[in-house]
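Structure first, commentary second.
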Amino acid sequence: MIVIPVPLAQNPYEVLVGDGARHELARVVPQSAKRVAVVTQSGIGVTVDPGREHRVFEMPDGESSKSMATVESLCSQFSQWGLTRSDCVVAVGGGIVTDTAGFAAAVYHRGVAVVHVSTTLLGQIDAAIGGKTGVNLPEGKNLVGAFWQPSAVLCDTELLATLPPREFRSGQGELAKYHFLGGGELDALPLAQQVAACVAIKAEVVAGDERESGRRAILNYGHTLGHAIEIAGDHGLRHGEAVAVGLIFAAELAVRLGRIDAQRVAEHRRVVAAYDLPGSLPQGLATSELIELMGRDKKALDGITFVLDGPDGVESVTGVDTEVIAAAIDAIRSQGDRP
Ligand code: GLY
């Protein structure tokens, strides 16, 4: 088992990565907890043993279940069962479950302990680590939430073998991102070590900037255009696939700003292709629409804030000319797609 500390000043915790990590649950649930509310979805199909009295609460499947209504329902059920502030919530699932159950834990009785048992690649290397919890509103994604650090995170790599191939590939879009955040040749490592290396990078970044007042934004590398593609509608790409396209766009933008050279762009293309991820835009997306959507992103404080590679590594960059953005978008279009 690989143990990675998340060295937060107030709430340090450990992430355990490896085959069978879920079996460590009883050991990592806080001693004070007499009861454990296990939150999961019917499709997850992973049973856990928290080593004390527990009850399973299922939330519905799909992104639409990541809602205030689900949080209210979970909190009501916790209350009816008699869960107290010294007890614990265990979230078993991917990002939808860890975000929603994590937020329910953050607000129930003004905060109860939560442990994440992350069952997807995307969850293990991103959503379950770092304490971002929250739900969607009809007005947009992740608009209500809280920073609520878990007591521990279990990344059971054995479970990744059972993921649908497309779900796994989507997680690899986030994995590709970490190559450029100091991860290097991650694709050469065995899976558990890939996950552990990504967790270690995220842990270090989160420990330095828990509330995203600065450097934590580098974890959004590839996401500025990635989110715009996702918001633009159903273009058939999953989150990690859209991030992969966003990584190539970020490289094409950085090279036009003189921040990186052509070789580094080629490295981005190599990594994305190594994970069999798309490196060009889906058909039919207008440049003007993508630029407008990037400007609407909730992280766009002062014009569009890009996260770009450069001589000092990946960092936030503002004040980029619209023509340069448009040229970088054009560079990631496949042949014949010029809407
Ligand atoms: N998913 C980006 C972050 O946790 O900051």
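Numbering starts fresh at 1 for the residues of each chain in the structure tokens, the chains themselves are lettered A, B, ... in the order given, and ligands are numbered from 1 as they appear.
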Which chains and residue numbers are within 6 Å of ligand 1, counting only C-alpha atoms and all ligand atoms, if I want them as JSON, numbers by chain? {"A": [126, 127, 130, 132, 216, 219, 220]}
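For Thr98 of chain A, the list of residues within 9 Å, based on only C-alpha atoms and with local chain neighbours fewer than 3 positions off taken out, reads Val39, Thr40, Val90, Ala91, Val92, Gly93, Gly94, Gly95, Ala101, Gly102, Phe103, His116, Val117, Ser118, Gly123, Ala127, Ala128, Thr133 and Gly134 of chain A.
When only C-alpha atoms are used to compute distances to Val243 of chain A, the closest of the residues A:Gln10, A:Ser79, A:Thr224, A:Ser288 turns out to be A:Thr224.
Distances from A:Met294, A:Leu143, A:Val135, A:Leu181 to Arg215 of chain A were compared using only C-alpha atoms, and the smallest one belongs to A:Leu181.
Scanning segment 97-273 of chain A with DSSP on the backbone, the strand (DSSP E or B) assignments fall on Ala113, Val114, Val115, His116, Val117, Ser118, Lys132, Thr133, Gly134, Val135, Asn136, Leu137, Gly140, Lys141, Asn142, Leu143, Val144, Gly145, Ala146, Phe147, Ala152, Val153, Leu154, Cys155 and Asp156 of chain A.
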Give the alpha helix (DSSP H) residues of segment 82-270 of chain A, as assigned by DSSP on the backbone, as an NGL selection string. :A and (95-107 or 121-122 or 165-178 or 191-208 or 223-231 or 239-256 or 262-270)
Residues from the last selection, C-alpha atoms, saved as a short mmCIF file (atom, residue, chain, number, x, y, z; two decimals), in the first residue's frame:
```cif
data_model
loop_
_atom_site.label_atom_id
_atom_site.label_comp_id
_atom_site.auth_asym_id
_atom_site.auth_seq_id
_atom_site.Cartn_x
_atom_site.Cartn_y
_atom_site.Cartn_z
CA GLY A 95 -16.77 12.20 -8.26
CA ILE A 96 -20.57 12.55 -8.11
CA VAL A 97 -20.76 10.59 -4.85
CA THR A 98 -17.68 12.12 -3.21
CA ASP A 99 -18.78 15.68 -4.12
CA THR A 100 -22.38 15.18 -2.93
CA ALA A 101 -21.80 13.04 0.16
CA GLY A 102 -18.80 15.23 1.05
CA PHE A 103 -21.05 18.30 0.97
CA ALA A 104 -23.76 16.54 3.01
CA ALA A 105 -21.06 15.69 5.58
CA ALA A 106 -19.84 19.31 5.53
CA VAL A 107 -23.26 20.71 6.42
CA LEU A 121 -9.67 6.88 -11.81
CA LEU A 122 -10.99 10.45 -12.07
CA PRO A 165 -13.30 1.44 -20.76
CA ARG A 166 -14.65 4.91 -21.64
CA GLU A 167 -14.91 5.89 -17.96
CA PHE A 168 -11.31 4.77 -17.41
CA ARG A 169 -10.13 6.67 -20.48
CA SER A 170 -11.88 9.80 -19.23
CA GLY A 171 -9.86 9.53 -16.01
CA GLN A 172 -6.74 9.34 -18.13
CA GLY A 173 -7.46 12.88 -19.33
CA GLU A 174 -6.80 14.06 -15.76
CA LEU A 175 -3.78 11.76 -15.61
CA ALA A 176 -2.37 13.35 -18.78
CA LYS A 177 -2.66 16.74 -17.03
CA TYR A 178 -0.32 15.67 -14.23
CA LEU A 191 -1.26 1.96 -12.56
CA ALA A 192 -1.04 2.17 -8.73
CA GLN A 193 2.14 4.22 -9.03
CA GLN A 194 0.51 6.49 -11.60
CA VAL A 195 -2.37 7.14 -9.20
CA ALA A 196 0.02 7.66 -6.27
CA ALA A 197 2.19 10.09 -8.25
CA CYS A 198 -0.88 12.18 -9.19
CA VAL A 199 -2.16 12.12 -5.60
CA ALA A 200 1.26 13.26 -4.34
CA ILE A 201 1.26 16.22 -6.76
CA LYS A 202 -2.29 17.20 -5.82
CA ALA A 203 -1.53 16.80 -2.09
CA GLU A 204 1.46 19.12 -2.37
CA VAL A 205 -0.49 21.76 -4.31
CA VAL A 206 -3.52 21.60 -1.97
CA ALA A 207 -1.32 21.77 1.14
CA GLY A 208 0.17 25.02 -0.18
CA HIS A 223 -9.90 22.77 -18.02
CA THR A 224 -10.47 26.30 -19.38
CA LEU A 225 -11.28 25.10 -22.89
CA GLY A 226 -12.31 21.67 -21.55
CA HIS A 227 -15.17 23.20 -19.55
CA ALA A 228 -16.21 25.37 -22.50
CA ILE A 229 -16.48 22.26 -24.69
CA GLU A 230 -18.56 20.54 -22.01
CA ILE A 231 -20.86 23.55 -21.52
CA HIS A 239 -14.90 15.34 -18.89
CA GLY A 240 -11.42 13.81 -19.20
CA GLU A 241 -11.65 13.71 -22.99
CA ALA A 242 -12.57 17.41 -23.06
CA VAL A 243 -9.63 18.12 -20.71
CA ALA A 244 -7.32 16.29 -23.13
CA VAL A 245 -8.43 18.60 -25.97
CA GLY A 246 -7.98 21.48 -23.53
CA LEU A 247 -4.38 20.43 -22.84
CA ILE A 248 -3.51 20.57 -26.54
CA PHE A 249 -5.22 23.96 -26.82
CA ALA A 250 -3.25 25.24 -23.80
CA ALA A 251 0.00 24.10 -25.43
CA GLU A 252 -0.93 25.74 -28.76
CA LEU A 253 -1.74 28.97 -26.90
CA ALA A 254 1.46 28.86 -24.82
CA VAL A 255 3.65 28.37 -27.90
CA ARG A 256 2.00 31.38 -29.59
CA ALA A 262 7.38 23.38 -30.53
CA GLN A 263 8.99 20.37 -28.86
CA ARG A 264 6.92 20.93 -25.72
CA VAL A 265 3.75 21.16 -27.84
CA ALA A 266 4.74 17.85 -29.45
CA GLU A 267 5.16 16.39 -25.94
CA HIS A 268 1.56 17.41 -25.12
CA ARG A 269 0.35 15.74 -28.30
CA ARG A 270 2.40 12.61 -27.56
#
```
My list of candidates is A:Val29, A:Ala274, A:Arg259, A:Leu281. Which is closest to Val317 of chain A when distances are computed with only C-alpha atoms? A:Arg259
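You will find atom CA of Gly18 of chain A at 25.1 Å from atom CA of Glu210 of chain A.
Nearest to Arg238 of chain A of all the residues A:His23, A:Pro282, A:Asp209, A:Thr305 is A:Pro282, counting only C-alpha atoms.
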